[in-house]
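Asks: My structure is in model_16.pdb, and what it holds is PDB, C-alpha atoms and all ligand atoms:
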```
ATOM      1  CA  MET A1347     -30.292  -3.300  -7.443
ATOM      2  CA  ALA A1348     -27.656  -6.058  -7.685
ATOM      3  CA  ILE A1349     -24.263  -5.214  -6.209
ATOM      4  CA  THR A1350     -21.413  -5.124  -8.777
ATOM      5  CA  THR A1351     -18.282  -7.092  -7.978
ATOM      6  CA  SER A1352     -16.532  -7.286 -11.384
ATOM      7  CA  LEU A1353     -13.921  -4.666 -12.159
ATOM      8  CA  ALA A1354     -13.812  -5.497 -15.887
ATOM      9  CA  GLY A1355     -13.142  -2.397 -17.975
ATOM     10  CA  LYS A1356     -11.534  -0.510 -15.089
ATOM     11  CA  THR A1357      -7.840   0.455 -14.962
ATOM     12  CA  ALA A1358      -6.122   0.155 -11.578
ATOM     13  CA  ILE A1359      -2.778   1.858 -10.900
ATOM     14  CA  VAL A1360      -0.906   0.438  -7.906
ATOM     15  CA  THR A1361       2.229   2.309  -6.811
ATOM     16  CA  GLY A1362       5.152   0.251  -5.487
ATOM     17  CA  SER A1363       3.793  -2.999  -6.864
ATOM     18  CA  ASN A1364       6.742  -5.130  -7.975
ATOM     19  CA  SER A1365       6.769  -6.895  -4.582
ATOM     20  CA  GLY A1366       4.931  -7.403  -1.304
ATOM     21  CA  ILE A1367       1.517  -5.897  -0.611
ATOM     22  CA  GLY A1368       1.416  -3.866  -3.849
ATOM     23  CA  LEU A1369       1.973  -6.984  -5.938
ATOM     24  CA  GLY A1370      -0.677  -8.847  -3.926
ATOM     25  CA  VAL A1371      -3.163  -6.007  -4.421
ATOM     26  CA  ALA A1372      -2.399  -5.747  -8.155
ATOM     27  CA  THR A1373      -2.902  -9.503  -8.547
ATOM     28  CA  GLU A1374      -6.302  -9.414  -6.809
ATOM     29  CA  PHE A1375      -7.405  -6.529  -9.068
ATOM     30  CA  ALA A1376      -6.400  -8.583 -12.120
ATOM     31  CA  ARG A1377      -8.342 -11.560 -10.712
ATOM     32  CA  ALA A1378     -11.386  -9.267 -10.382
ATOM     33  CA  GLY A1379     -11.053  -8.363 -14.080
ATOM     34  CA  ALA A1380      -9.352  -4.958 -13.950
ATOM     35  CA  ASP A1381      -6.504  -3.904 -16.227
ATOM     36  CA  VAL A1382      -3.526  -3.071 -14.051
ATOM     37  CA  VAL A1383      -0.565  -0.690 -14.081
ATOM     38  CA  LEU A1384       2.341  -1.879 -11.954
ATOM     39  CA  ASN A1385       5.018   0.540 -10.742
ATOM     40  CA  SER A1386       8.301   0.900  -8.948
ATOM     41  CA  PHE A1387      11.450   3.003  -9.352
ATOM     42  CA  THR A1388      13.432   0.224 -11.074
ATOM     43  CA  ASP A1389      13.245  -0.780 -14.743
ATOM     44  CA  ARG A1390      14.453  -4.395 -14.797
ATOM     45  CA  ASP A1391      13.416  -7.208 -17.105
ATOM     46  CA  GLU A1392      11.842  -8.963 -14.124
ATOM     47  CA  ASP A1393       9.578  -5.947 -13.455
ATOM     48  CA  HIS A1394       8.116  -6.298 -16.964
ATOM     49  CA  GLN A1395       8.033 -10.099 -16.589
ATOM     50  CA  ILE A1396       5.815  -9.779 -13.478
ATOM     51  CA  ALA A1397       3.383  -7.731 -15.589
ATOM     52  CA  SER A1398       3.358 -10.371 -18.382
ATOM     53  CA  ASP A1399       2.825 -13.176 -15.854
ATOM     54  CA  ILE A1400      -0.194 -11.498 -14.219
ATOM     55  CA  ALA A1401      -1.668 -10.664 -17.638
ATOM     56  CA  ALA A1402      -1.301 -14.286 -18.791
ATOM     57  CA  ALA A1403      -2.745 -15.701 -15.565
ATOM     58  CA  HIS A1404      -5.840 -13.492 -15.507
ATOM     59  CA  GLY A1405      -6.496 -12.489 -19.128
ATOM     60  CA  VAL A1406      -6.285  -8.735 -18.495
ATOM     61  CA  LYS A1407      -3.918  -5.991 -19.708
ATOM     62  CA  VAL A1408      -1.014  -5.367 -17.336
ATOM     63  CA  ARG A1409       1.713  -2.772 -17.884
ATOM     64  CA  TYR A1410       4.748  -1.861 -15.800
ATOM     65  CA  ILE A1411       5.583   1.859 -15.668
ATOM     66  CA  GLN A1412       8.777   2.996 -13.979
ATOM     67  CA  ALA A1413       8.401   6.108 -11.802
ATOM     68  CA  ASP A1414      10.159   7.190  -8.624
ATOM     69  CA  MET A1415       7.500   7.965  -5.999
ATOM     70  CA  SER A1416       9.967  10.169  -4.082
ATOM     71  CA  LYS A1417       9.668  12.732  -6.904
ATOM     72  CA  GLY A1418       6.432  14.684  -7.282
ATOM     73  CA  ASP A1419       6.767  15.178 -11.043
ATOM     74  CA  GLN A1420       7.316  11.430 -11.583
ATOM     75  CA  CYS A1421       4.251  10.602  -9.437
ATOM     76  CA  ARG A1422       2.127  12.817 -11.689
ATOM     77  CA  ALA A1423       3.830  11.471 -14.834
ATOM     78  CA  LEU A1424       2.925   7.889 -13.804
ATOM     79  CA  ILE A1425      -0.769   8.760 -13.891
ATOM     80  CA  GLU A1426      -0.464  10.693 -17.169
ATOM     81  CA  LYS A1427       1.494   7.854 -18.843
ATOM     82  CA  ALA A1428      -1.082   5.284 -17.722
ATOM     83  CA  GLY A1429      -3.667   7.316 -19.678
ATOM     84  CA  ALA A1430      -6.557   6.096 -17.514
ATOM     85  CA  CYS A1431      -6.994   5.774 -13.768
ATOM     86  CA  ASP A1432     -10.287   4.441 -12.447
ATOM     87  CA  ILE A1433      -8.677   2.949  -9.346
ATOM     88  CA  LEU A1434      -5.619   4.407  -7.626
ATOM     89  CA  VAL A1435      -3.843   2.457  -4.889
ATOM     90  CA  ASN A1436      -1.163   4.451  -3.098
ATOM     91  CA  ASN A1437       1.015   1.688  -1.705
ATOM     92  CA  ALA A1438       4.710   2.581  -2.227
ATOM     93  CA  GLY A1439       6.449   2.863   1.106
ATOM     94  CA  ILE A1440       9.743   2.559   2.944
ATOM     95  CA  GLN A1441      10.764   2.362   6.598
ATOM     96  CA  HIS A1442      13.678   3.520   8.746
ATOM     97  CA  VAL A1443      14.020   3.017  12.494
ATOM     98  CA  ALA A1444      16.021   5.411  14.736
ATOM     99  CA  PRO A1445      15.461   7.651  17.781
ATOM    100  CA  VAL A1446      14.022  11.009  16.700
ATOM    101  CA  ASP A1447      17.096  13.000  17.771
ATOM    102  CA  GLU A1448      19.338  10.741  15.688
ATOM    103  CA  PHE A1449      16.956  10.272  12.760
ATOM    104  CA  PRO A1450      18.893  10.963   9.517
ATOM    105  CA  VAL A1451      17.362  13.992   7.784
ATOM    106  CA  GLU A1452      17.579  12.349   4.341
ATOM    107  CA  LYS A1453      15.646   9.313   5.677
ATOM    108  CA  TRP A1454      12.965  11.578   7.161
ATOM    109  CA  ASP A1455      12.635  13.429   3.849
ATOM    110  CA  ALA A1456      12.507  10.194   1.814
ATOM    111  CA  ILE A1457       9.844   8.592   4.057
ATOM    112  CA  ILE A1458       7.632  11.697   3.984
ATOM    113  CA  ALA A1459       8.070  11.942   0.190
ATOM    114  CA  ILE A1460       7.430   8.277  -0.679
ATOM    115  CA  ASN A1461       4.913   7.322   2.034
ATOM    116  CA  LEU A1462       2.874  10.564   2.111
ATOM    117  CA  SER A1463       3.595  13.215  -0.542
ATOM    118  CA  SER A1464       3.419  10.694  -3.396
ATOM    119  CA  ALA A1465      -0.248  10.058  -2.518
ATOM    120  CA  PHE A1466      -0.931  13.819  -2.738
ATOM    121  CA  HIS A1467       0.657  14.030  -6.206
ATOM    122  CA  THR A1468      -0.966  10.887  -7.663
ATOM    123  CA  THR A1469      -4.358  11.856  -6.227
ATOM    124  CA  ALA A1470      -4.135  15.349  -7.704
ATOM    125  CA  ALA A1471      -3.272  13.892 -11.120
ATOM    126  CA  ALA A1472      -5.871  11.095 -10.985
ATOM    127  CA  LEU A1473      -8.959  13.014  -9.813
ATOM    128  CA  PRO A1474      -9.569  14.869 -13.128
ATOM    129  CA  MET A1475      -9.465  11.493 -14.954
ATOM    130  CA  MET A1476     -11.903   9.951 -12.458
ATOM    131  CA  ARG A1477     -14.242  12.932 -12.806
ATOM    132  CA  LYS A1478     -14.137  12.629 -16.603
ATOM    133  CA  ALA A1479     -14.864   8.882 -16.383
ATOM    134  CA  GLY A1480     -17.679   9.493 -13.867
ATOM    135  CA  TRP A1481     -16.322   6.915 -11.402
ATOM    136  CA  GLY A1482     -13.257   6.565  -9.211
ATOM    137  CA  ARG A1483     -11.820   4.728  -6.246
ATOM    138  CA  ILE A1484      -8.759   5.723  -4.225
ATOM    139  CA  VAL A1485      -7.336   3.210  -1.753
ATOM    140  CA  ASN A1486      -4.423   4.375   0.390
ATOM    141  CA  ILE A1487      -2.316   1.699   2.065
ATOM    142  CA  ALA A1488      -1.693   3.271   5.480
ATOM    143  CA  SER A1489      -0.792   1.076   8.478
ATOM    144  CA  ALA A1490      -1.697   0.257  12.065
ATOM    145  CA  HIS A1491       0.969   2.955  12.496
ATOM    146  CA  GLY A1492      -1.489   5.413  10.931
ATOM    147  CA  LEU A1493      -3.620   4.970  14.061
ATOM    148  CA  THR A1494      -1.084   4.153  16.786
ATOM    149  CA  ALA A1495       2.629   4.812  17.333
ATOM    150  CA  SER A1496       5.777   2.865  18.126
ATOM    151  CA  PRO A1497       9.049   4.356  19.344
ATOM    152  CA  TYR A1498      11.846   5.000  16.800
ATOM    153  CA  LYS A1499       9.450   5.184  13.842
ATOM    154  CA  SER A1500       8.779   8.948  13.917
ATOM    155  CA  ALA A1501       8.846   9.539  10.154
ATOM    156  CA  TYR A1502       6.828   6.415   9.303
ATOM    157  CA  VAL A1503       4.186   7.054  11.986
ATOM    158  CA  ALA A1504       3.927  10.747  11.014
ATOM    159  CA  ALA A1505       3.600   9.861   7.313
ATOM    160  CA  LYS A1506       0.984   7.153   7.912
ATOM    161  CA  HIS A1507      -1.086   9.418  10.211
ATOM    162  CA  GLY A1508      -0.792  11.977   7.389
ATOM    163  CA  VAL A1509      -2.082   9.459   4.851
ATOM    164  CA  ILE A1510      -5.208   8.962   6.954
ATOM    165  CA  GLY A1511      -5.680  12.750   7.180
ATOM    166  CA  LEU A1512      -5.288  13.050   3.406
ATOM    167  CA  THR A1513      -7.777  10.186   2.925
ATOM    168  CA  LYS A1514     -10.447  11.936   5.024
ATOM    169  CA  THR A1515      -9.879  15.319   3.357
ATOM    170  CA  VAL A1516     -10.069  14.045  -0.235
ATOM    171  CA  ALA A1517     -13.126  11.951   0.709
ATOM    172  CA  LEU A1518     -14.906  15.140   1.832
ATOM    173  CA  GLU A1519     -13.820  17.025  -1.297
ATOM    174  CA  THR A1520     -15.319  14.249  -3.488
ATOM    175  CA  ALA A1521     -18.239  13.246  -1.244
ATOM    176  CA  GLU A1522     -20.972  14.299  -3.692
ATOM    177  CA  GLU A1523     -19.253  12.611  -6.642
ATOM    178  CA  PRO A1524     -19.153   8.892  -7.616
ATOM    179  CA  ILE A1525     -15.647   8.711  -6.146
ATOM    180  CA  THR A1526     -14.623   7.151  -2.831
ATOM    181  CA  VAL A1527     -11.391   7.529  -0.886
ATOM    182  CA  ASN A1528     -10.426   5.099   1.873
ATOM    183  CA  ALA A1529      -7.394   3.741   3.686
ATOM    184  CA  ILE A1530      -6.424   0.198   4.607
ATOM    185  CA  CYS A1531      -4.432  -0.137   7.816
ATOM    186  CA  PRO A1532      -2.478  -3.414   7.768
ATOM    187  CA  GLY A1533      -0.903  -4.884  10.859
ATOM    188  CA  TYR A1534       2.104  -7.141  10.319
ATOM    189  CA  VAL A1535       1.837  -8.674   6.834
ATOM    190  CA  LEU A1536       3.844 -11.687   5.687
ATOM    191  CA  THR A1537       5.758 -10.271   2.706
ATOM    192  CA  PRO A1538       9.051 -11.617   1.327
ATOM    193  CA  LEU A1539      10.896  -8.898   3.292
ATOM    194  CA  VAL A1540       9.263  -9.928   6.569
ATOM    195  CA  GLU A1541       9.794 -13.634   5.787
ATOM    196  CA  ALA A1542      13.506 -12.931   5.229
ATOM    197  CA  GLN A1543      13.839 -11.452   8.738
ATOM    198  CA  ILE A1544      12.627 -14.631  10.477
ATOM    199  CA  PRO A1545      15.877 -16.696  10.346
ATOM    200  CA  ASP A1546      17.910 -13.768  11.777
ATOM    201  CA  GLN A1547      15.378 -13.226  14.548
ATOM    202  CA  MET A1548      15.487 -16.960  15.366
ATOM    203  CA  LYS A1549      19.267 -16.747  15.769
ATOM    204  CA  THR A1550      19.209 -13.493  17.754
ATOM    205  CA  HIS A1551      16.584 -14.759  20.217
ATOM    206  CA  ASN A1552      17.575 -18.430  20.085
ATOM    207  CA  MET A1553      13.951 -19.337  19.494
ATOM    208  CA  SER A1554      12.015 -21.640  17.173
ATOM    209  CA  ARG A1555      10.289 -20.135  14.136
ATOM    210  CA  ASP A1556       6.874 -20.410  15.823
ATOM    211  CA  ASP A1557       8.090 -18.746  19.023
ATOM    212  CA  VAL A1558       9.892 -15.909  17.261
ATOM    213  CA  VAL A1559       6.821 -15.206  15.120
ATOM    214  CA  ARG A1560       4.437 -15.343  18.103
ATOM    215  CA  GLU A1561       6.482 -13.726  20.867
ATOM    216  CA  VAL A1562       8.715 -11.270  18.970
ATOM    217  CA  MET A1563       7.331 -10.360  15.569
ATOM    218  CA  LEU A1564       3.640 -10.573  16.431
ATOM    219  CA  ALA A1565       3.986  -9.337  20.011
ATOM    220  CA  ARG A1566       1.440  -6.561  19.276
ATOM    221  CA  GLN A1567      -0.841  -8.565  16.951
ATOM    222  CA  PRO A1568      -3.440 -10.314  19.151
ATOM    223  CA  SER A1569      -4.395 -12.899  16.501
ATOM    224  CA  LYS A1570      -0.757 -14.111  16.554
ATOM    225  CA  GLU A1571      -1.031 -14.594  12.805
ATOM    226  CA  PHE A1572       0.429 -12.490  10.021
ATOM    227  CA  ALA A1573      -2.051 -10.900   7.655
ATOM    228  CA  THR A1574      -1.464 -11.851   4.003
ATOM    229  CA  VAL A1575      -0.975  -9.834   0.834
ATOM    230  CA  GLU A1576      -4.019 -11.604  -0.634
ATOM    231  CA  GLN A1577      -6.135 -10.323   2.282
ATOM    232  CA  MET A1578      -4.918  -6.767   1.546
ATOM    233  CA  GLY A1579      -5.833  -7.281  -2.115
ATOM    234  CA  GLY A1580      -9.248  -8.680  -1.228
ATOM    235  CA  THR A1581      -9.958  -5.708   1.033
ATOM    236  CA  ALA A1582      -8.920  -3.280  -1.726
ATOM    237  CA  VAL A1583     -11.163  -5.082  -4.249
ATOM    238  CA  PHE A1584     -14.054  -4.901  -1.740
ATOM    239  CA  LEU A1585     -13.529  -1.125  -1.417
ATOM    240  CA  CYS A1586     -13.940  -0.904  -5.212
ATOM    241  CA  SER A1587     -17.091  -3.061  -5.321
ATOM    242  CA  GLY A1588     -20.673  -1.835  -5.409
ATOM    243  CA  ALA A1589     -21.094  -2.886  -1.771
ATOM    244  CA  ALA A1590     -18.600  -0.198  -0.735
ATOM    245  CA  ALA A1591     -20.035   2.669  -2.807
ATOM    246  CA  GLN A1592     -21.105   4.532   0.378
ATOM    247  CA  ILE A1593     -17.885   3.788   2.258
ATOM    248  CA  THR A1594     -15.683   6.874   2.018
ATOM    249  CA  GLY A1595     -13.256   8.701   4.270
ATOM    250  CA  THR A1596     -12.671   5.707   6.489
ATOM    251  CA  SER A1597      -9.820   3.415   7.505
ATOM    252  CA  ILE A1598     -10.229  -0.357   7.535
ATOM    253  CA  SER A1599      -7.876  -2.151   9.914
ATOM    254  CA  VAL A1600      -6.643  -5.563   8.768
ATOM    255  CA  ASP A1601      -4.413  -6.104  11.757
ATOM    256  CA  GLY A1602      -5.509  -9.158  13.745
ATOM    257  CA  GLY A1603      -6.848  -6.904  16.524
ATOM    258  CA  TRP A1604      -3.725  -4.730  17.001
ATOM    259  CA  THR A1605      -5.615  -1.430  17.192
ATOM    260  CA  ALA A1606      -8.326  -2.894  19.445
ATOM    261  CA  LEU A1607      -5.768  -3.173  22.250
TER     262      LEU A1607
HETATM  263  P1  LIG A1701       7.857  -3.888   0.104
HETATM  264  O1  LIG A1701       9.213  -3.315   0.386
HETATM  265  O2  LIG A1701       7.725  -5.318  -0.281
HETATM  266  O3  LIG A1701       7.116  -3.027  -1.002
HETATM  267  C1  LIG A1701       7.312  -1.653  -1.139
HETATM  268  C2  LIG A1701       7.099  -1.323  -2.578
HETATM  269  O4  LIG A1701       7.337   0.062  -2.762
HETATM  270  C3  LIG A1701       8.082  -2.085  -3.493
HETATM  271  O5  LIG A1701       7.420  -2.470  -4.682
HETATM  272  C4  LIG A1701       9.132  -1.029  -3.768
HETATM  273  O6  LIG A1701       9.792  -1.244  -5.006
HETATM  274  C5  LIG A1701       8.267   0.214  -3.810
HETATM  275  N1  LIG A1701       9.024   1.450  -3.644
HETATM  276  C6  LIG A1701       9.908   1.768  -2.691
HETATM  277  N2  LIG A1701      10.426   2.997  -2.932
HETATM  278  C7  LIG A1701       9.839   3.432  -4.073
HETATM  279  C8  LIG A1701       9.970   4.609  -4.856
HETATM  280  N3  LIG A1701      10.807   5.591  -4.524
HETATM  281  N4  LIG A1701       9.216   4.720  -5.973
HETATM  282  C9  LIG A1701       8.376   3.721  -6.354
HETATM  283  N5  LIG A1701       8.212   2.586  -5.657
HETATM  284  C10 LIG A1701       8.939   2.456  -4.530
HETATM  285  O7  LIG A1701       6.981  -3.556   1.406
HETATM  286  P2  LIG A1701       5.461  -3.915   1.769
HETATM  287  O8  LIG A1701       5.511  -4.454   3.137
HETATM  288  O9  LIG A1701       4.771  -4.631   0.703
HETATM  289  O10 LIG A1701       4.874  -2.421   1.911
HETATM  290  C11 LIG A1701       3.893  -1.878   1.048
HETATM  291  C12 LIG A1701       3.102  -0.816   1.798
HETATM  292  O11 LIG A1701       2.417  -1.425   2.874
HETATM  293  C13 LIG A1701       3.974   0.304   2.385
HETATM  294  O12 LIG A1701       3.326   1.536   2.243
HETATM  295  C14 LIG A1701       4.066  -0.099   3.855
HETATM  296  O13 LIG A1701       4.287   0.998   4.693
HETATM  297  C15 LIG A1701       2.687  -0.719   4.064
HETATM  298  N6  LIG A1701       2.591  -1.611   5.216
HETATM  299  C16 LIG A1701       3.298  -2.788   5.266
HETATM  300  C17 LIG A1701       3.166  -3.629   6.384
HETATM  301  C18 LIG A1701       3.876  -4.971   6.494
HETATM  302  O14 LIG A1701       3.798  -5.612   7.556
HETATM  303  N7  LIG A1701       4.539  -5.471   5.472
HETATM  304  C19 LIG A1701       2.322  -3.234   7.437
HETATM  305  C20 LIG A1701       1.642  -2.040   7.348
HETATM  306  C21 LIG A1701       1.780  -1.224   6.225
END
```
Can the structure in the file be given as structure tokens, please?

Replies:
Amino acid sequence: MAITTSLAGKTAIVTGSNSGIGLGVATEFARAGADVVLNSFTDRDEDHQIASDIAAAHGVKVRYIQADMSKGDQCRALIEKAGACDILVNNAGIQHVAPVDEFPVEKWDAIIAINLSSAFHTTAAALPMMRKAGWGRIVNIASAHGLTASPYKSAYVAAKHGVIGLTKTVALETAEEPITVNAICPGYVLTPLVEAQIPDQMKTHNMSRDDVVREVMLARQPSKEFATVEQMGGTAVFLCSGAAAQITGTSISVDGGWTAL
């Protein structure tokens, strides 16, 4: 039987998608023909403008729904408001870096809530819709830090390892249904936030752009190249294609060899 690649007629909800990887993933879903729901905690004109721009570029329906992924009830409300959820991408995430004995409690709580608990709440709300529709795909954006650790990132590493545990568990709970649950583990991805750090790093280390990228920022990424948001989107679209229908409960590293070290 031919493998399906079009996502026409499907609705994809991508949390934390007004910038960076989430926006890249949402754009690739639109390119593949899916209707898309964008989300973040803000409600600015530009958030809605991003939705209109993607809709115009790809001829699909795109809505922006404000919901704060640090709050369980708002995570569930996002799914309910969307009204349909064939594809759920749990992407919203934040970072804070500090030694564990100095880690601010409110930062720990926020990272666990946004990076991990939100995926529990959205998944719980989305699964009944997927079951009713007879098809579903959940893609959790974890990290190379879901498989390995770095010092000073205790909350982030704990949350991302948790995301991979949640991915495996929900995959087993849905294994006999036409629903798959997988994680993508990006290495260092060139997002606007990462791009903005380069000039400061060049000054701090007194290095050229190429050297600071290679020797400092990509010290742990053997390819010495950033991954791109389009590559994250393409991987997510692949996980929703017919070719991936038997891929469930796994983590796909898109990290230039980081976790092979
Ligand atoms: P980003 O800051 O550009 O995007 C984060 C998104 O989450 C934004 O849209 C932001 O508005 C949203 N967000 C933050 N707090 C939120 C909240 N309370 N409610 C709703 N939305 C919220 O960062 P990014 O690099 O694109 O990160 C996206 C995901 O990819 C995160 O889960 C991150 O951990 C993961 N990741 C990023 C990299 C990288 O190198 N950039 C590497 C591995 C994993």

Asks: Residues contacting ligand LIG 1701 (chain A) - anything with an atom at most 7 Å away, using only C-alpha atoms and all ligand atoms - can you give me those as a ChimeraX atom specification?

Replies: /A:1361-1368,1385-1387,1413-1416,1437-1441,1460-1461,1487-1490,1531-1540

Asks: Given the file shown, determine the residues that the PyMOL selection byres (((chain A and resi 1568) around 12) and not hetatm) selects; report them as a PyMOL selection string.

Replies: chain A and resi 1533-1534+1560-1561+1563-1567+1569-1573+1600-1607

Asks: What does the distance from CA of Lys1478 (chain A) to CA of Val1382 (chain A) come to in Å, to one decimal?

Replies: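 Result for CA of Lys1478 (chain A) versus CA of Val1382 (chain A): 19.1 Å, one decimal.
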
Asks: Using only C-alpha atoms, pick whichever of A:His1467, A:Arg1483, A:Arg1477, A:Lys1453 has the shortest atom-to-atom distance to Leu1353 (chain A).

Replies: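 Among the listed residues, the smallest separation from Leu1353 (chain A) belongs to A:Arg1483.
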
Asks: Which residue gives the smallest distance to Gly1579 (chain A) among A:Val1371, A:Ile1530, A:Ala1471, A:Met1347, with only C-alpha atoms counted?

Replies: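 Checking each candidate against Gly1579 (chain A), we get A:Val1371 as the closest.
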
Asks: Could you please determine the separation between CA of Ile1598 (chain A) and CA of Glu1519 (chain A) in Å, to one decimal place?

Replies: 19.8 Å
